[in-house]
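Have a look at the structure below before the remarks.
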Amino acid sequence: MRTQRTADITSGLALAILGVISLMASLSIHGVTGEHLHPRTLPLLLSWIVLGAGLLLSILSWGVRGTDKPIEWPDQQGFKRIAVTLASTVIYLVLLEPLGFSISSFLFITFLTWYLGRYRWFISLGLGILTAVTISFVFIRFLGLTFPTGPLGW
Amino acid sequence: MDFSWSLLGQGFSQALTPMNILYALLGCLVGTLVGVLPGIGPTSAIAILLPLTTILPPIPAIIMMAAIYYGAMYGGSTTAIVVNIPGEASSVPTALDGFQLARQGRAGAALGISAISSFVAGTLSLVGLTFFAPVLASVALAFGPPEYFALMFMALSLVISLSGRALLKGLIATAIGLLVAMVGLDPLTGEARLTFGSVSLMAGVNFISVIIGLFAIGEVLVNIERAATFIYETKVRGWLPTLQDIKQSLGAMLRSTVIGFFLGLLPGCSPAVTTFVAYDVEKKVSKHPHLFGRGAIEGVAAAEGANNATCSGGFVPLFSFGIPSGPALAVLLGGFMMYGLQPGPMLFKENPDLVWAVIASMYIGNCILLILNLPLVGLWARIALIPFPILGPLIILFSVIGAYSVRFLMFDVWVALLFGIIGYLMRKLGYPLAPMVLASVLAQMLETSLKQSLVLSGGSPLIFFTRPISASFIALAFIMIAWGLWLNFRGRGAELAADDGEA
């Protein structure tokens, strides 16, 4: 998917597959007979649109000739930064309920600011502590939002 | 339900209570902040804060959300002028001349004109909103379900047709937005739809999580790949423009107000589109068009005026018909829904205190923003210095808080993360975000009005073509689709491409 043409062909096909999956799921929607608009009518129609438009996009892009616009994908370092950000977000979300909002947010901010900014460890640590304290006081104690508090009650 | 001075007066008395002034100020501060900071905009900010504001009564909450939206229009220009980094897509034309003026040592004048033009256009278009919205709401009282369905159909068609060259992608984004909103239980029959047997999906996919993912997390991923850091070099001296600057910009301010306001009434015509149109018009009517792009102060005035006028103009269809013209207003519509309020003609009738308090607060908010932006401009420019390695993780953190606070379900947070990745890919592959957001917010109203229409007609879809207003909307929708196809065919669509940005 280095150029717009190949990206459109690929994404069009992926969307067509999504359309087929949605179509199958729509066909299994039950409803009561005699309704003016069956619960599956709109999902079915929209699935057909996604399927048809996805295929059309692929076919039209296939036929494109001439200069092709490159897609600005990140370099290897950029991909690595995105992968690490996503991985740390996933770990953060997994730890959120067992550790509580404040502690997991502290770990997340400390690690990710350190990784992305290469700051000295105490700067990232300070940011992490500040975030955890803010979350604990503002959102949990002051606003009274029912966030997971973890074993330490934070 | 015409305009009444006493209702506006009551609105001002509500908006001027210390509590409501405080929330307007808070909204203006947050709005300016998100306008200044690249990587987060009003749509993400409102979506993140919306679930947290449910602890407030509706009036201060909506006042604050609205202030975030129009406040962001002011803030976006600061970084565009001082560091040539437009905080929002709508500030790109401001950067064209604003940064050139800054390089010539006239950053202060450019910032001053930007704030004054924003204030003039914002206030004038608020007058338009004050008189126009109740009149349109009176018209909308005659609307039944077929008219509403046709209006929403027209709005979505316009947004798709403004996708320009990406017309097909706009259609796909709309269809997926509608499909996502249909996951869960059917609102009328209670039948499970597209849930794939998952219990979590039974409760549906919350559109706030979708928007937080698409805009906030998606934008963070784009900025993280660039390893964005910002350098602040320009010194701001003398924030007051000269009398000559004001004289030179006055025509541009007024013209851009008219352009911005009337284009802002149309769904899909977000500030990112109208600022370019106003800038282009100003260049055409100017006696010295060669100066545009090299530091023409009218260029800054036109872009900033249109920006703010569009913002106020967008509130007209939102208040009168309940139709948002862009993603940020779609989220605001969601805010109304969270309070059990339905924008549209009945809002003027049943909750006049809320509508008029919000409108009045916008006049006050414009004054607050002028005060915040003129003397504090140096401070805002310095805030733009917050390095992205700190800002990015914080935006993700606030996205998690926002998504979780909707229903206090981890499922919503995972949905936000998933749509963050989808938003990143959509930006890379050239799929417009605005149609998907509008579709996901309007889906339920669209389906309900379709069902009610079919009940009225005994199942015949001809009802949409036999009632004059609904037939007109459907006809306009088809004209817009044809226009979009023509633009697509002619390859001119890119110029009019719907805003993928935040506003």
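Every chain in the structure tokens has a letter given in the order shown (A, B, ...), and although residue numbers restart at 1 in each chain, ligands are simply numbered from 1 in the order shown.
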Got a sec to pull out which chain B residues are within 7 Å of chain A, counting only C-alpha atoms, and send them as a PDB file with C-alpha atoms, in the first residue's frame?
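So the final result, stored in part_39.pdb, reads:
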```
ATOM      1  CA  LEU B 168     -16.979   6.880  -2.996  1.00  0.00           C
ATOM      2  CA  ILE B 172     -18.441   4.198   2.468  1.00  0.00           C
ATOM      3  CA  ALA B 175     -22.524   3.712   5.478  1.00  0.00           C
ATOM      4  CA  LEU B 179     -23.864   0.541  10.480  1.00  0.00           C
ATOM      5  CA  ASP B 186     -33.238  -2.234  17.668  1.00  0.00           C
ATOM      6  CA  GLU B 191     -34.152  -7.167  18.278  1.00  0.00           C
ATOM      7  CA  ALA B 192     -30.357  -7.751  18.511  1.00  0.00           C
ATOM      8  CA  ARG B 193     -28.586  -6.475  15.387  1.00  0.00           C
ATOM      9  CA  LEU B 194     -25.001  -7.044  14.218  1.00  0.00           C
ATOM     10  CA  PHE B 196     -22.292 -11.473  16.549  1.00  0.00           C
ATOM     11  CA  LEU B 221      -0.957   8.417  16.284  1.00  0.00           C
ATOM     12  CA  ILE B 224       3.612  10.415  17.091  1.00  0.00           C
ATOM     13  CA  GLU B 225       4.833   8.974  13.800  1.00  0.00           C
ATOM     14  CA  ARG B 226       6.228  12.403  12.902  1.00  0.00           C
ATOM     15  CA  PRO B 389       6.003  13.578  23.704  1.00  0.00           C
ATOM     16  CA  ILE B 390       4.258  15.007  26.792  1.00  0.00           C
ATOM     17  CA  PRO B 393       0.345  10.536  26.167  1.00  0.00           C
ATOM     18  CA  LYS B 428      -3.550   7.826   5.692  1.00  0.00           C
ATOM     19  CA  LEU B 429      -5.761   6.270   3.018  1.00  0.00           C
ATOM     20  CA  LYS B 451     -40.002   4.075  10.623  1.00  0.00           C
ATOM     21  CA  LEU B 454     -43.578   4.369   6.904  1.00  0.00           C
ATOM     22  CA  VAL B 455     -46.125   3.844   9.668  1.00  0.00           C
ATOM     23  CA  GLY B 459     -45.438   1.193   4.370  1.00  0.00           C
TER      24      GLY B 459
END
```
Worksheet entry | Spatial neighbours of segment 146-157 of chain B, max dist 8 Å, only C-alpha atoms, sep filter under 6 positions, as a count of residues only | 27
Fill in: From A:Ile9, A:Val138, A:Ala132, A:Leu152, residue lying nearest Ser61 of chain A [only C-alpha atoms]
A:Ile9
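Going from atom CA of Ser405 of chain B to atom CA of Tyr74 of chain B covers 28.3 Å.
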Worksheet item: Between atom CA of Thr448 of chain B and atom CA of Phe215 of chain B, what is the distance, to one decimal in Å?
Response: 27.2 Å
